[in-house]
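Enquirer: What follows is input_39.txt, compact mmCIF, C-alpha atoms.
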# COMPACT_ATOMS: atom_id res chain seq x y z
CA MET A 23 0.00 0.00 0.00
CA SER A 24 1.39 3.42 -0.97
CA PRO A 25 1.94 6.23 1.63
CA SER A 26 -0.63 8.45 -0.09
CA SER A 27 -3.36 5.86 0.33
CA LEU A 28 -2.62 5.60 4.09
CA ARG A 29 -2.80 9.36 4.68
CA ALA A 30 -6.47 9.74 3.57
CA PRO A 31 -7.98 7.44 6.24
CA LEU A 32 -5.80 8.95 8.95
CA LEU A 33 -6.90 12.45 8.00
CA CYS A 34 -10.58 11.46 8.28
CA LEU A 35 -10.07 9.92 11.70
CA GLY A 36 -8.34 13.08 12.93
CA LEU A 37 -11.18 15.32 11.79
CA ALA A 38 -13.73 13.08 13.52
CA ALA A 39 -11.80 13.20 16.76
CA LEU A 40 -11.59 17.01 16.64
CA ALA A 41 -15.35 17.25 16.06
CA ALA A 42 -16.03 14.96 19.04
CA CYS A 43 -13.81 16.99 21.34
CA GLY A 44 -15.49 20.22 20.31
CA GLY A 45 -19.00 18.77 21.02
CA LYS A 46 -18.12 17.99 24.63
CA ASP A 47 -17.58 21.66 25.40
CA ARG A 48 -21.09 22.76 24.00
CA GLN A 49 -24.13 22.39 26.43
CA PRO A 50 -27.75 22.28 25.05
CA ALA A 51 -29.84 25.44 25.81
CA ALA A 52 -32.54 24.99 28.54
CA ALA A 53 -36.17 25.11 27.29
CA PRO A 54 -38.10 28.16 28.52
CA PRO A 55 -41.04 27.47 30.89
CA PRO A 56 -44.37 27.15 29.10
CA THR A 57 -46.75 30.12 29.08
CA VAL A 58 -50.14 29.41 30.65
CA GLY A 59 -53.33 31.42 31.07
CA VAL A 60 -54.34 31.76 34.73
CA ILE A 61 -57.06 33.39 36.79
CA THR A 62 -56.71 34.53 40.39
CA VAL A 63 -59.63 33.20 42.41
CA HIS A 64 -61.34 34.90 45.33
CA PRO A 65 -64.02 33.53 47.69
CA ARG A 66 -67.59 34.60 46.95
CA SER A 67 -71.16 34.04 48.05
CA LEU A 68 -73.32 32.36 45.40
CA PRO A 69 -76.83 30.91 45.24
CA LEU A 70 -77.03 27.30 46.39
CA THR A 71 -78.66 25.59 43.42
CA LYS A 72 -79.37 21.97 42.61
CA ASP A 73 -80.19 20.52 39.19
CA LEU A 74 -83.04 18.07 39.69
CA VAL A 75 -85.74 16.21 37.81
CA GLY A 76 -89.37 16.58 38.79
CA ARG A 77 -92.81 15.53 37.65
CA LEU A 78 -95.78 17.85 37.22
CA SER A 79 -99.11 17.16 38.86
CA PRO A 80 -102.40 19.07 39.02
CA TYR A 81 -102.88 21.67 41.71
CA ARG A 82 -106.25 20.03 42.36
CA SER A 83 -107.77 16.93 40.82
CA ALA A 84 -111.41 15.90 41.27
CA ASP A 85 -113.07 12.67 40.17
CA VAL A 86 -116.56 13.30 38.81
CA ARG A 87 -118.70 10.31 39.77
CA ALA A 88 -122.33 9.25 39.53
CA ARG A 89 -123.72 9.54 43.06
CA VAL A 90 -127.10 7.99 42.26
CA SER A 91 -128.07 5.01 40.14
CA GLY A 92 -129.69 5.55 36.79
CA VAL A 93 -129.21 5.63 33.04
CA LEU A 94 -126.79 8.24 31.71
CA LEU A 95 -128.71 10.42 29.28
CA LYS A 96 -126.10 12.85 27.88
CA ARG A 97 -122.79 14.62 28.26
CA THR A 98 -123.02 18.40 28.19
CA TYR A 99 -119.35 19.46 28.00
CA GLU A 100 -116.59 19.26 25.39
CA GLU A 101 -113.93 16.74 26.34
CA GLY A 102 -110.63 18.46 27.13
CA SER A 103 -112.23 21.87 27.60
CA ASP A 104 -112.07 24.20 30.58
CA VAL A 105 -115.09 24.07 32.87
CA LYS A 106 -116.26 26.14 35.84
CA LYS A 107 -117.27 25.00 39.29
CA GLY A 108 -120.96 24.03 39.26
CA GLN A 109 -121.11 23.65 35.47
CA LEU A 110 -123.33 20.80 34.26
CA LEU A 111 -121.27 17.93 32.85
CA PHE A 112 -123.61 14.90 32.71
CA GLN A 113 -127.31 14.23 33.12
CA ILE A 114 -128.73 11.04 34.58
CA ASP A 115 -132.34 10.04 33.86
CA PRO A 116 -134.27 11.89 36.60
CA ALA A 117 -137.66 10.15 36.12
CA PRO A 118 -137.20 7.38 38.74
CA LEU A 119 -135.76 9.93 41.17
CA LYS A 120 -138.73 12.23 40.67
CA ALA A 121 -141.03 9.30 41.41
CA LEU A 122 -139.13 8.55 44.62
CA LEU A 123 -139.42 12.20 45.63
CA ALA A 124 -143.16 12.15 45.02
CA ALA A 125 -143.52 8.97 47.06
CA SER A 126 -141.54 10.47 49.93
CA GLN A 127 -143.75 13.58 49.81
CA ALA A 128 -146.85 11.37 50.02
CA ASN A 129 -145.37 9.47 52.97
CA LEU A 130 -144.68 12.77 54.69
CA ALA A 131 -148.28 13.88 54.17
CA GLN A 132 -149.54 10.57 55.58
CA ALA A 133 -147.23 10.86 58.58
CA ARG A 134 -148.42 14.38 59.29
CA ALA A 135 -152.03 13.27 59.11
CA THR A 136 -151.36 10.43 61.50
CA TYR A 137 -149.64 12.82 63.87
CA THR A 138 -152.57 15.24 63.75
CA ASN A 139 -155.02 12.46 64.66
CA ALA A 140 -152.75 11.20 67.44
CA LYS A 141 -152.34 14.69 68.83
CA VAL A 142 -156.10 15.28 68.88
CA ALA A 143 -156.64 12.00 70.72
CA ALA A 144 -153.84 12.77 73.18
CA ASP A 145 -155.22 16.25 73.88
CA ARG A 146 -158.68 14.78 74.65
CA VAL A 147 -157.19 12.24 77.04
CA ARG A 148 -155.19 14.96 78.76
CA GLU A 149 -158.42 16.88 79.42
CA LEU A 150 -160.33 13.84 80.76
CA ALA A 151 -157.55 12.28 82.82
CA PRO A 152 -157.69 14.87 85.67
CA LYS A 153 -161.47 14.31 86.00
CA GLY A 154 -161.05 10.55 86.33
CA TYR A 155 -162.93 9.71 83.13
CA VAL A 156 -160.00 7.72 81.61
CA SER A 157 -157.52 5.38 83.18
CA ARG A 158 -153.84 6.05 83.61
CA SER A 159 -153.11 3.31 81.08
CA ASP A 160 -155.25 5.01 78.41
CA LEU A 161 -153.39 8.28 79.02
CA ASP A 162 -150.02 6.61 78.61
CA ASN A 163 -151.10 4.90 75.38
CA ALA A 164 -152.41 8.15 73.89
CA LEU A 165 -149.24 10.04 74.71
CA ALA A 166 -147.10 7.20 73.28
CA ALA A 167 -149.10 7.23 70.04
CA GLU A 168 -148.57 10.97 69.78
CA ARG A 169 -144.84 10.66 70.21
CA THR A 170 -144.64 7.83 67.68
CA ALA A 171 -146.56 9.85 65.12
CA ALA A 172 -144.26 12.84 65.66
CA ALA A 173 -141.20 10.64 65.08
CA SER A 174 -142.76 9.27 61.90
CA VAL A 175 -143.18 12.81 60.62
CA GLN A 176 -139.50 13.53 61.21
CA GLN A 177 -138.49 10.31 59.44
CA ALA A 178 -140.71 11.12 56.47
CA GLN A 179 -139.22 14.60 56.28
CA ALA A 180 -135.70 13.11 56.20
CA ASN A 181 -136.71 10.65 53.49
CA MET A 182 -138.17 13.46 51.41
CA GLN A 183 -134.97 15.50 51.85
CA THR A 184 -132.88 12.51 50.75
CA ALA A 185 -135.07 12.03 47.69
CA HIS A 186 -134.74 15.72 46.87
CA ILE A 187 -130.92 15.52 47.16
CA ASN A 188 -130.78 12.41 44.98
CA LEU A 189 -132.84 14.15 42.33
CA GLY A 190 -130.29 16.95 42.36
CA TYR A 191 -127.52 14.37 41.80
CA ALA A 192 -129.13 13.52 38.47
CA ASN A 193 -127.41 16.67 37.20
CA VAL A 194 -123.68 15.91 37.59
CA THR A 195 -121.72 19.15 37.91
CA SER A 196 -118.04 20.04 38.12
CA PRO A 197 -116.79 20.32 41.72
CA ILE A 198 -113.91 22.69 40.82
CA ASP A 199 -112.67 25.00 38.10
CA GLY A 200 -110.35 23.17 35.74
CA ARG A 201 -109.96 21.13 32.57
CA ALA A 202 -112.37 18.24 32.10
CA GLY A 203 -110.92 15.01 30.78
CA LYS A 204 -112.18 12.19 28.63
CA GLN A 205 -115.64 10.74 29.17
CA GLN A 206 -115.34 7.37 30.91
CA VAL A 207 -118.92 6.12 30.39
CA THR A 208 -121.03 6.51 27.26
CA GLU A 209 -124.66 7.60 27.08
CA GLY A 210 -127.17 4.84 27.77
CA ALA A 211 -125.02 3.09 30.35
CA LEU A 212 -126.37 2.25 33.78
CA VAL A 213 -124.25 4.11 36.33
CA GLY A 214 -124.10 4.29 40.11
CA GLN A 215 -125.38 0.75 40.53
CA GLY A 216 -123.79 -0.33 43.81
CA GLU A 217 -120.81 2.05 43.41
CA ALA A 218 -120.05 5.64 42.45
CA THR A 219 -119.19 5.22 38.78
CA LEU A 220 -116.34 7.41 37.51
CA LEU A 221 -117.59 9.63 34.70
CA THR A 222 -114.58 11.92 34.11
CA THR A 223 -111.84 13.84 35.92
CA VAL A 224 -111.41 17.60 36.28
CA ASP A 225 -107.86 18.87 36.86
CA GLN A 226 -106.88 22.39 37.87
CA ILE A 227 -103.66 23.05 35.95
CA ASP A 228 -103.05 26.69 36.85
CA PRO A 229 -100.98 26.60 38.93
CA LEU A 230 -99.29 23.20 38.80
CA TYR A 231 -97.28 21.26 41.35
CA VAL A 232 -93.82 19.95 40.50
CA ASN A 233 -92.75 17.10 42.75
CA PHE A 234 -89.06 16.27 43.22
CA THR A 235 -86.74 14.66 45.73
CA LEU A 236 -83.49 15.56 47.47
CA GLY A 237 -81.12 12.88 48.72
CA VAL A 238 -80.93 12.63 52.49
CA SER A 239 -77.12 12.52 52.38
CA GLU A 240 -77.06 15.70 50.33
CA LEU A 241 -79.52 17.34 52.70
CA ASP A 242 -77.33 16.33 55.64
CA ARG A 243 -74.26 17.88 53.98
CA MET A 244 -76.20 21.09 53.44
CA ARG A 245 -77.23 21.22 57.08
CA SER A 246 -73.67 20.53 58.20
CA ALA A 247 -72.48 23.38 55.99
CA GLN A 248 -75.21 25.56 57.45
CA ALA A 249 -74.00 24.77 60.98
CA ALA A 250 -70.47 25.73 59.93
CA GLY A 251 -71.70 29.02 58.47
CA ASP A 252 -70.77 28.06 54.90
CA VAL A 253 -74.39 27.82 53.72
CA THR A 254 -77.52 29.82 54.54
CA LEU A 255 -80.54 27.66 53.76
CA ALA A 256 -83.71 29.31 52.54
CA ALA A 257 -86.98 28.68 54.29
CA ASP A 258 -89.29 26.35 52.35
CA ASN A 259 -91.71 29.15 51.55
CA ARG A 260 -88.90 31.25 50.04
CA ALA A 261 -86.96 28.65 48.08
CA SER A 262 -87.55 28.98 44.34
CA VAL A 263 -87.27 26.69 41.31
CA ALA A 264 -86.64 27.45 37.64
CA VAL A 265 -88.24 24.94 35.27
CA SER A 266 -86.88 24.00 31.84
CA LEU A 267 -89.27 23.00 29.06
CA PRO A 268 -88.85 19.61 27.30
CA ASP A 269 -87.04 21.30 24.39
CA GLY A 270 -84.47 22.76 26.79
CA ARG A 271 -85.78 26.33 26.84
CA ALA A 272 -86.26 28.03 30.18
CA TYR A 273 -89.86 28.42 31.36
CA ASP A 274 -90.71 32.07 31.96
CA GLN A 275 -92.56 31.51 35.27
CA GLN A 276 -90.69 31.04 38.55
CA GLY A 277 -91.91 28.40 41.00
CA THR A 278 -91.89 28.45 44.80
CA VAL A 279 -91.26 25.51 47.13
CA ASP A 280 -94.30 25.15 49.39
CA PHE A 281 -93.83 21.70 50.94
CA SER A 282 -90.98 19.62 52.37
CA ASP A 283 -91.68 16.23 53.86
CA THR A 284 -90.58 15.57 57.43
CA THR A 285 -89.73 11.90 56.81
CA VAL A 286 -87.37 10.03 54.51
CA ASN A 287 -88.82 7.81 51.81
CA PRO A 288 -87.45 4.34 52.72
CA ALA A 289 -87.64 3.15 49.12
CA THR A 290 -85.47 5.93 47.68
CA GLY A 291 -83.56 7.28 50.69
CA SER A 292 -84.62 10.81 49.81
CA VAL A 293 -86.91 13.57 51.05
CA ASP A 294 -89.94 14.58 48.99
CA LEU A 295 -90.34 18.25 48.12
CA ARG A 296 -92.96 20.12 46.12
CA ALA A 297 -93.06 23.48 44.38
CA LYS A 298 -95.97 25.48 42.97
CA VAL A 299 -95.46 26.79 39.44
CA PRO A 300 -97.80 29.28 37.71
CA ASN A 301 -99.22 27.99 34.41
CA PRO A 302 -101.47 30.75 33.02
CA GLU A 303 -101.00 29.74 29.37
CA HIS A 304 -101.31 26.00 30.08
CA ARG A 305 -97.94 25.31 28.45
CA LEU A 306 -97.17 22.73 31.13
CA LEU A 307 -99.31 19.62 31.49
CA PRO A 308 -99.72 17.22 34.40
CA GLY A 309 -97.60 14.09 34.19
CA MET A 310 -94.70 15.76 32.34
CA TYR A 311 -91.16 15.18 33.55
CA VAL A 312 -89.17 18.42 33.66
CA THR A 313 -85.69 19.47 34.67
CA LEU A 314 -85.50 22.19 37.24
CA LYS A 315 -82.91 24.24 39.06
CA ALA A 316 -83.83 24.66 42.69
CA LYS A 317 -82.40 27.64 44.56
CA LEU A 318 -82.25 26.44 48.15
CA GLY A 319 -80.24 29.23 49.75
CA GLU A 320 -76.83 30.94 49.71
CA GLN A 321 -73.43 29.29 49.94
CA HIS A 322 -70.45 31.26 51.20
CA LYS A 323 -66.66 31.11 50.70
CA VAL A 324 -66.82 29.29 47.38
CA PHE A 325 -64.82 29.81 44.18
CA GLU A 326 -65.78 29.98 40.52
CA VAL A 327 -63.35 28.48 38.00
CA PRO A 328 -63.87 28.17 34.22
CA GLN A 329 -64.81 24.70 33.12
CA PRO A 330 -61.62 24.11 31.06
CA ALA A 331 -59.58 24.48 34.27
CA LEU A 332 -61.22 21.54 36.05
CA GLN A 333 -59.81 18.08 35.35
CA ARG A 334 -60.86 14.67 36.58
CA ASP A 335 -59.06 11.38 36.99
CA THR A 336 -59.45 8.24 39.08
CA VAL A 337 -58.65 10.21 42.24
CA GLY A 338 -61.28 12.88 41.60
CA ALA A 339 -61.55 16.48 40.48
CA TYR A 340 -58.49 18.71 40.53
CA VAL A 341 -57.00 21.92 39.14
CA MET A 342 -53.44 22.95 38.39
CA VAL A 343 -52.17 26.14 39.99
CA VAL A 344 -49.03 28.24 39.67
CA GLY A 345 -47.53 28.65 43.14
CA LYS A 346 -45.68 31.63 44.56
CA ASP A 347 -42.38 29.95 43.58
CA GLY A 348 -43.51 29.83 39.94
CA ASN A 349 -43.89 26.05 39.92
CA VAL A 350 -47.01 24.12 38.95
CA ALA A 351 -48.90 22.26 41.69
CA ARG A 352 -51.97 20.07 41.72
CA LYS A 353 -54.88 20.81 44.04
CA ASN A 354 -57.68 18.30 44.57
CA VAL A 355 -61.03 20.09 44.80
CA ALA A 356 -64.71 19.43 45.45
CA ALA A 357 -66.87 20.65 42.58
CA ASP A 358 -70.28 19.20 41.76
CA GLN A 359 -72.22 22.33 40.73
CA VAL A 360 -72.16 24.34 37.51
CA SER A 361 -72.96 28.02 37.29
CA GLY A 362 -73.14 29.11 33.66
CA SER A 363 -69.76 28.26 32.12
CA ASN A 364 -68.00 27.89 35.49
CA TRP A 365 -67.60 25.18 38.06
CA ILE A 366 -68.34 26.09 41.69
CA VAL A 367 -65.52 24.82 43.89
CA THR A 368 -66.56 24.38 47.51
CA ASP A 369 -63.31 22.93 48.89
CA GLY A 370 -59.64 22.65 47.95
CA LEU A 371 -58.79 26.20 46.87
CA ALA A 372 -57.55 29.22 48.81
CA ALA A 373 -57.87 32.93 48.18
CA ASN A 374 -55.50 34.33 45.52
CA ASP A 375 -54.66 30.92 44.05
CA ARG A 376 -53.61 31.24 40.41
CA VAL A 377 -55.56 28.54 38.60
CA ILE A 378 -54.36 27.44 35.17
CA VAL A 379 -57.11 27.60 32.55
CA SER A 380 -55.23 27.33 29.23
CA GLY A 381 -51.95 25.64 28.34
CA LEU A 382 -52.58 22.64 30.59
CA GLN A 383 -51.14 20.21 28.03
CA ALA A 384 -47.69 21.79 28.37
CA VAL A 385 -47.35 21.92 32.16
CA LYS A 386 -45.93 19.35 34.51
CA GLU A 387 -46.44 19.14 38.24
CA GLY A 388 -43.43 20.58 40.05
CA ALA A 389 -42.06 22.26 36.90
CA PRO A 390 -42.02 26.05 36.39
CA ALA A 391 -44.59 27.85 34.23
CA LYS A 392 -44.98 31.43 33.08
CA PRO A 393 -48.45 32.73 34.07
CA GLU A 394 -50.38 35.26 32.05
CA PRO A 395 -53.93 36.55 32.70
CA TRP A 396 -56.65 34.48 31.06
CA THR A 397 -59.78 36.17 29.72
CA GLN A 398 -63.18 34.66 29.10
CA GLY A 399 -64.03 34.24 25.42
CA ALA A 400 -60.45 34.16 24.19
CA ALA A 401 -59.80 32.52 20.84
CA GLY A 402 -60.29 28.77 20.98
CA SER A 403 -61.96 28.90 24.40
CA SER A 404 -65.46 27.48 24.34
CA PRO A 405 -66.29 25.66 27.57
CA VAL A 406 -69.25 23.29 27.53
CA VAL A 407 -71.71 23.66 30.38
CA GLY A 408 -72.09 20.56 32.52
CA LYS A 409 -69.12 18.67 31.09
CA SER A 410 -65.63 18.48 32.52
CA PRO A 411 -63.13 18.62 29.66
CA SER A 412 -60.23 16.22 29.45
CA PRO A 413 -56.69 17.54 30.06
CA ALA A 414 -55.98 17.31 26.35
CA ALA A 415 -59.11 19.23 25.46
CA ALA A 416 -58.44 21.86 28.11
CA GLY A 417 -54.96 22.36 26.72
CA LYS A 418 -56.44 23.22 23.35
CA THR A 419 -58.22 26.22 24.86
CA PRO A 420 -55.59 28.94 24.95
CA ALA A 421 -56.52 32.31 26.33
CA SER A 422 -53.20 34.07 25.97
CA LYS A 423 -50.45 34.14 23.45
CA GLN A 424 -48.04 31.26 23.83
Could you take the file, read its structure, and then write that structure out as structure tokens?
Expert:
Amino acid sequence: MSPSSLRAPLLCLGLAALAACGGKDRQPAAAPPPTVGVITVHPRSLPLTKDLVGRLSPYRSADVRARVSGVLLKRTYEEGSDVKKGQLLFQIDPAPLKALLAASQANLAQARATYTNAKVAADRVRELAPKGYVSRSDLDNALAAERTAAASVQQAQANMQTAHINLGYANVTSPIDGRAGKQQVTEGALVGQGEATLLTTVDQIDPLYVNFTLGVSELDRMRSAQAAGDVTLAADNRASVAVSLPDGRAYDQQGTVDFSDTTVNPATGSVDLRAKVPNPEHRLLPGMYVTLKAKLGEQHKVFEVPQPALQRDTVGAYVMVVGKDGNVARKNVAADQVSGSNWIVTDGLAANDRVIVSGLQAVKEGAPAKPEPWTQGAAGSSPVVGKSPSPAAAGKTPASKQ
């Protein structure tokens, strides 16, 4: 091998060695801390609200029944229409009832005649008894006959009054103002035979009741918070509910809680509550299930954080904060209520904590971060009410320039 051919490989090895020695002296530049959007939280007092599901029921509901036996002649109302108290709804054949009334009147006349005769006889015996013309036994019998005849008159009067009442029951009227339902018995049917036959139902639907329940454990937590001064519970007659229509729109009439049960339902482990909701336009109907937001009082020393800031894992809900040392820390929180686009945090945060809202995908617990103020409605920020976003989704909601 010639000397020139040996020099080329040696030259290459020397250059490689020089390059390696030069690389040892150069250190890689440290990455700058990520920029995150933060908000500084402060304790507040907010309404204590609960999202619940309730069922509507009539304010009053009356079964219209046949109170006397007879043949149903006709229906005088339009099914599903509004009726007034005392309005005629059905008519039962009154002919047999009129005959019974006439018979009772005749019996009353006979009883009165019998009493008149007995009284005349008793008066005559009363006059003769002091003179010794009649025996004591005859006097007693005459007086007894008088009393019996008087009692018969009273019984006949009662029978006539009963017959008169039954004749009035031939006209079946509405007991309340409300909306009359479907006819349950057709014309020509024999009703009231041995039982009060149901003819229809009248429901008062303005206002309506909405019935809902509150878990006893949740109620106990509220009372514990009240004892600690963190919650001020509203009295039952001042608590209000906001109803949502089936299509999700808010109902324009506010309801008021007017009843709270004093016992726990053993089947559900909850307490029954009821609210009265105005329904002047009859937009709500009995039997509907509705969602409602019940305002039960005021809660104190709570924090509002935007929904993108709240994360959840197997441990529970948490937020990431930038500490005073500039490093990121995790704080486990209690948050089970939503207010608009914010979560209400009742435990786990302190005043002046800097909660990270945007840039969560770039931070690491214990590592430094550069905080910048976050503003609601920044580009890419669109929190979804009622849903806790994943860490990846929250990181895609920047509120400040990165």
Enquirer: Just how far from atom CA of A:Asn193 is atom CA of A:Ala133, in Å to one decimal?
Expert: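 Atom CA of A:Ala133 sits 29.7 Å away from atom CA of A:Asn193.
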Enquirer: So how many Å separate atom CA of A:Val385 and atom CA of A:Val350, to one decimal?
Expert: 7.1 Å
Enquirer: How many Å lie between atom CA of A:Arg89 and atom CA of A:Gly214, rounded to one decimal?
Expert: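 Going from atom CA of A:Arg89 over to atom CA of A:Gly214, I get 6.0 Å.
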Enquirer: Write out as a tab-separated table the residues of stretch 278-309 of chain A that have any atom within 6 Å of an atom of stretch 215-232 of chain A, one row each with the nearest atom pair and its distance in Å to one decimal, counting all atoms listed in the file, sorted by chain and then rising number.
Expert:
residue	atom	partner	partner_atom	distance
A:Arg296	CA	A:Val232	CA	5.7
A:Ala297	CA	A:Val232	CA	5.3
A:Lys298	CA	A:Tyr231	CA	4.7
A:Val299	CA	A:Leu230	CA	5.3
A:Pro300	CA	A:Pro229	CA	4.3
A:Asn301	CA	A:Asp228	CA	4.7
A:Pro302	CA	A:Asp228	CA	5.8
Enquirer: Can you tell me which residues surround A:Phe112 at a distance of at most 9 Å, considering all atoms listed in the file, apart from same-chain residues fewer than 2 positions away, and format the answer as a list in words?
Expert: Ala88, Leu94, Leu95, Lys96, Arg97, Thr98, Tyr99, Leu110, Ile114, Ala192, Asn193, Val194, Thr195 and Leu221 of chain A
Enquirer: Quick one: everything within 6 Å of A:Val93, counting all atoms listed in the file, minus sequence neighbours fewer than 5 positions away in the same chain. Send it as an mmCIF file with C-alpha atoms, keeping the file's coordinate frame.
Expert:
data_model
loop_
_atom_site.group_PDB
_atom_site.id
_atom_site.type_symbol
_atom_site.label_atom_id
_atom_site.label_comp_id
_atom_site.auth_asym_id
_atom_site.auth_seq_id
_atom_site.Cartn_x
_atom_site.Cartn_y
_atom_site.Cartn_z
ATOM 1 C CA ILE A 114 -128.730 11.040 34.580
ATOM 2 C CA ASP A 115 -132.340 10.040 33.860
ATOM 3 C CA GLY A 210 -127.170 4.840 27.770
ATOM 4 C CA ALA A 211 -125.020 3.090 30.350
ATOM 5 C CA LEU A 212 -126.370 2.250 33.780
#
Enquirer: Give the padded box for stretch 214-217 of chain A as AutoDock Vina command-line options: axis-aligned, covering all atoms listed in the file, 8 Å on each side, centre and edge lengths in Å to one decimal.
Expert:
--center_x -123.1 --center_y 2.0 --center_z 42.0 --size_x 20.6 --size_y 20.6 --size_z 19.7
Enquirer: Check the smallest atom-to-atom distance from each of A:Val377, A:Ala289, A:Ala171, A:Ala84 to A:Ser196 using all atoms listed in the file, then report the winner.
Expert: A:Ala84
